[in-house]
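Asks: Right, I'll just put the structure down here and ask away after.
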Amino acid sequence: MGYLDGRIGWRLLAREPGYSLAVIGGLAVGFAACFLLLGFVIHSLGYNAQLPASERTYLVKERRNLLPRPEWRASAPGALRDVVGASGMAAAFTQSHSVELTARVGQRVLPLTVSAVEPNYLAFFGVTALQGDASAALARPDALVLSESEALRLFGRRDAIGQVARIDGVPFQVRAIVPDMPGNTTVRADALVGAGIHGWDRGKAPAQAWNSNTELYVRLAPGADPGAINAVLQEAVVRHRDAPAMTAALRQRFAGRHMTEIGMTALSALYFDEGLLAGRDGASYGNIKSLAALGALALLILALAGANYVNLVAVRMVDRRREIGMRKAMGVSAPALARQFVAESMVVALLASALGVALAWLAAPQFAMLVERPLDGMFGPSMLGAALLAGGAVGALSALYPASVALRLPVREMLQGRAGGQDAGGLRLRQALSVFQFACAIGLVGATGAVYWQADYASRVDPGFDPASLLVLDLPTADAPAQAFREALARLPGVGGVVAVADAVGRDTVVATASVGRAGGAEVALEVKGVGPEFFQVLGVRAQLGRVFDPARDRPGSGSVVLNALAAQALGFATPREALGAMLGKERVVGIVPDLRYRTLREHPGPMMYRIDPLQTVLMVRTTSGKAALHGAIETLWQRYYPDQVLYLEPAAAIFAQNYGEDRRLALMLAGASVVATALASFGIYVLAAYSIRRRAREIVLRKLHGAGGAAIGRLVAREFAALAGIGAALGLPLAWLANERYLSGFVERAPMGQWPLVCAAGGVFAVALAATARHTIGAMRMAPAAALRG
């Protein structure tokens, strides 16, 4: 019987291709969006699950509270490795240190992240070489171990054994190839060399070891307590690094607190570590709350697609009531009819789920670029099985309404009912589904508008200077060749000024602090930016009080410093003017400048002091001509000075946009969901309008016969749909407002948007609904009485 029911379902779909295309296509789009989002959620929840003993393996992290904005970093002093070994609580441990370098392969110069690792690093993470001897390679100073994908990127082939790449001018030969790590791991093994035998690797002298930054992984021995080993590591850092540097002022400042905090996070939970997420490397980690919201969004889209399908089935059931009545009168049992509708629904849902998987697979590369995560392996057998189960579940649920009609309505009522008739329950179901679709569409569009508006405003907010004519260039070093390059760059036509800085304004990646105090006052930790004396002139920033640095007067070591008003306040001056000319140790305050936005709008600007230090590795370049032409001249100059280095050159304005990349990605995902939700809502109301006109045909004719004009008929029809859209707005707008307030609460400065995103969302969705019902409304206004009375 099931096979026969399925064949009948196939025949019905083939007999009505238009209806079948609309039903399967709508469901497939919903399935595709749902599969992409849920696939990403499942992919993220599985981070590091493929690594051995990930629940017992810990990464040691640290937070240096001496900094003005302390944050957790996924690194620790290298000397803690020996402390771990001496503790007796570790079954195994390993260490790595990553450096951003460049590699020359033939005529190509490519960026390369090289990790200097211990000999047991690959075995610790269960990685076995595919080609060559990785352990032997890591013991040689001229050997390189590559992953398959890195070998393909560098040499165009996976079997790259014997190939040579010059890394920072030094030749390295590939001696082992290892498999790619899964995309959902925080541990990488793309380009490896042996630890402690290269110039860029940290030395092992005690002072260097305690101040180095390495990734230290510890696998606990059976029964070992992570809290106990954490305490041992904390005590070692306090004794060997913090205590020798502790002054009386610092002792008073950190009374009862550690200057450096040590923590440990299991690899199984590392991706969702809230401390690391809040740091400057937070883009590499996941937000469990955002992930839950994406999962809910995926299910919501699937529910919208299912509601749209049920709406179509409910309308179609009106035309099939006589068919059902005839079949029951001919002896077909109600359970058999119910099974038939279940089979029809299952055929549609399974076809739609299969098509949805295909659409999701095609869209996966673009989706991976959007979320900036490698999603390889997401479409495995488990994903396909889950997709079929989801299709079956949607099919079974969607069959409940037609099956209930077949079971409960008597034959006489079915045979006597007109084609347009239907019970009040069915009508209320369709209206409820339409309200649900409108509420979701308006809510999603309203949330999308707020996120995009805020991200756009934040990326274009005044940073304290005009970035339009500025370029940012990263140097590999700050040595004599870098100074020569900077001088040559300043002489290029179209360059109006060049200055070396510790960090480009807006990046906030380099944080340096100093303990500063005036005579008779307590020392205060201030964030310090080392800049060239031309800094404020190149940026076009004027002093609020006093003066900015003067290249003719202020040189390195001259003792001139510039503060922002917040720094003057932090130092205890009653007013910024009082700070002018004040001595801070051997340094004199020569000016007060506006706040420059090194931080995002999620943080308030902080106290800042500027010192002259031109030996920095970031150049800010003011242009006086077209950037495109100047870019080519800079590339030519770069090749002369740095033939083995990659040029990193970007507009200063782009830096501010990058700070809100996550917000833009969220806006794009919400926009996609909004388009799908609005399309489904408009299609649902289109179908509902078609049915409504048929249901009310005689009423419309009688009104016309009694003198009602076309406008009156149009208002009659529109009122029903306006009421549904209004109820949807009343439900969706408050939810959107709550979501927007929660999102915007993370910013210290909001875009001046008011409630316009919600107003525009309601207006836009209402306009789409009006367009969707326009055809049928016009048809009602033009309806001929004779045609309606013949129905």
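In the structure tokens, chains take letters A, B, ... by order of appearance, with residues numbered from 1 within each chain and ligands from 1 in the order shown.
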Can you tell me, as a ChimeraX atom specification, which residues in region 326-541 of chain A count as strand (DSSP E or B) by DSSP?

Replies: /A:470-474,495-501,512-516,524-531

Asks: Taking N, CA and C atoms for each residue, export the selection above as a compact mmCIF listing (two decimals), in the first residue's frame.

Replies:
```txt
# COMPACT_ATOMS: atom_id res chain seq x y z
N LEU A 470 44.74 58.57 3.22
CA LEU A 470 45.82 57.90 3.94
C LEU A 470 45.91 56.43 3.55
N LEU A 471 47.15 55.95 3.43
CA LEU A 471 47.43 54.54 3.22
C LEU A 471 48.21 54.01 4.42
N VAL A 472 48.07 52.72 4.68
CA VAL A 472 48.80 52.07 5.77
C VAL A 472 49.66 50.97 5.18
N LEU A 473 50.93 50.96 5.53
CA LEU A 473 51.89 50.00 4.99
C LEU A 473 52.63 49.35 6.15
N ASP A 474 52.77 48.03 6.13
CA ASP A 474 53.47 47.30 7.18
C ASP A 474 54.87 46.93 6.73
N VAL A 495 53.17 61.64 -2.78
CA VAL A 495 53.22 61.38 -1.34
C VAL A 495 53.36 62.70 -0.61
N GLY A 496 52.41 62.99 0.27
CA GLY A 496 52.43 64.25 1.00
C GLY A 496 53.03 64.14 2.38
N GLY A 497 53.37 62.95 2.81
CA GLY A 497 53.96 62.77 4.13
C GLY A 497 53.97 61.32 4.52
N VAL A 498 54.98 60.91 5.29
CA VAL A 498 55.11 59.54 5.78
C VAL A 498 55.51 59.59 7.24
N VAL A 499 54.91 58.74 8.06
CA VAL A 499 55.28 58.67 9.46
C VAL A 499 55.26 57.22 9.92
N ALA A 500 56.22 56.87 10.76
CA ALA A 500 56.27 55.54 11.36
C ALA A 500 55.50 55.56 12.67
N VAL A 501 54.68 54.56 12.88
CA VAL A 501 53.85 54.48 14.08
C VAL A 501 53.91 53.06 14.63
N ALA A 512 51.12 49.05 24.34
CA ALA A 512 52.28 49.27 25.19
C ALA A 512 51.86 50.20 26.32
N THR A 513 52.39 49.97 27.49
CA THR A 513 52.03 50.79 28.65
C THR A 513 53.29 51.29 29.34
N ALA A 514 53.10 52.32 30.11
CA ALA A 514 54.18 52.85 30.93
C ALA A 514 53.59 53.38 32.22
N SER A 515 54.35 53.25 33.30
CA SER A 515 53.93 53.82 34.58
C SER A 515 54.39 55.27 34.60
N VAL A 516 53.44 56.19 34.63
CA VAL A 516 53.73 57.61 34.50
C VAL A 516 53.16 58.33 35.71
N VAL A 524 50.60 56.23 37.34
CA VAL A 524 49.41 55.72 36.66
C VAL A 524 49.88 54.96 35.42
N ALA A 525 49.26 53.81 35.14
CA ALA A 525 49.58 53.05 33.94
C ALA A 525 48.84 53.67 32.76
N LEU A 526 49.57 54.23 31.83
CA LEU A 526 48.98 54.84 30.64
C LEU A 526 49.35 54.03 29.41
N GLU A 527 48.41 53.97 28.47
CA GLU A 527 48.73 53.37 27.19
C GLU A 527 49.57 54.36 26.40
N VAL A 528 50.65 53.85 25.80
CA VAL A 528 51.62 54.71 25.12
C VAL A 528 51.72 54.28 23.66
N LYS A 529 51.68 55.26 22.76
CA LYS A 529 51.88 55.01 21.35
C LYS A 529 53.18 55.67 20.90
N GLY A 530 54.10 54.85 20.39
CA GLY A 530 55.33 55.38 19.84
C GLY A 530 55.09 55.83 18.41
N VAL A 531 55.40 57.09 18.10
CA VAL A 531 55.13 57.65 16.77
C VAL A 531 56.31 58.50 16.35
```

Asks: Please list as a PyMOL selection string every residue within 8 Å of Ser96 (chain A), counting only C-alpha atoms and excluding residues in the same chain fewer than 4 positions away.

Replies: chain A and resi 115-118+121+195+214-216

Asks: Run DSSP on the backbone and give me the residues of region 252-318 of chain A it puts in helix (DSSP H, G or I), as a PyMOL selection string.

Replies: chain A and resi 252-253+267-270+274-277+282-284+288-318

Asks: Kindly indicate which residue among A:Ser147, A:Ser87, A:Thr600, A:Ser212 lies nearest to Ala455 (chain A), using only C-alpha atoms for the distances.

Replies: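 Smallest distance to Ala455 (chain A) is found for A:Thr600.
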
Asks: Using only C-alpha atoms, pick whichever of A:Ala629, A:Ala139, A:Met378, A:Ala151 has the shortest atom-to-atom distance to Ile42 (chain A).

Replies: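 Answer, going by the shortest atom-to-atom distance: A:Met378.
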
Asks: How close does each residue of region 41-149 of chain A get to region 476-494 of chain A, giving the shortest atom pair and distance in Å to one decimal for every residue with an atom at most 12 Å away, counting only C-alpha atoms, sorted by chain and residue number, as JSON lines?

Replies:
```
{"residue": "A:Val99", "atom": "CA", "partner": "A:Pro476", "partner_atom": "CA", "distance": 11.9}
{"residue": "A:Glu100", "atom": "CA", "partner": "A:Pro476", "partner_atom": "CA", "distance": 9.8}
{"residue": "A:Leu101", "atom": "CA", "partner": "A:Pro476", "partner_atom": "CA", "distance": 8.7}
{"residue": "A:Thr102", "atom": "CA", "partner": "A:Pro476", "partner_atom": "CA", "distance": 9.6}
{"residue": "A:Pro111", "atom": "CA", "partner": "A:Pro476", "partner_atom": "CA", "distance": 11.7}
```

Asks: May I ask which of the residues A:Asn211, A:Ser268, A:Ala729, A:Gly156 is the closest one to Thr186 (chain A), counting only C-alpha atoms?

Replies: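 Using only C-alpha atoms, Thr186 (chain A) sits closest to A:Ser268.
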
Asks: Out of A:Gly106, A:Gly517, A:Gly85, A:Pro119, which residue has the shortest atom-to-atom distance to Val193 (chain A) when counting only C-alpha atoms?

Replies: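 The shortest atom-to-atom distance to Val193 (chain A) comes from A:Pro119.
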
Asks: Excluding Ile655 (chain A) and any residue of its chain fewer than 2 positions from it, enumerate the residues within 10 Å of it, using only C-alpha atoms, and give them as a ChimeraX atom specification.

Replies: /A:459,467,472,504-507,650-653,657-660

Asks: Which is closer to Leu112 (chain A) than all the others in A:Ala278, A:Val675, A:Val646, A:Val310, using only C-alpha atoms?

Replies: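 Among the listed residues, the smallest separation from Leu112 (chain A) belongs to A:Val646.
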
Asks: Smallest atom-to-atom distance to Pro643 (chain A): which of A:Arg104, A:Arg428, A:Arg64, A:Lys586, using only C-alpha atoms?

Replies: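 Nearest to Pro643 (chain A): A:Arg104.
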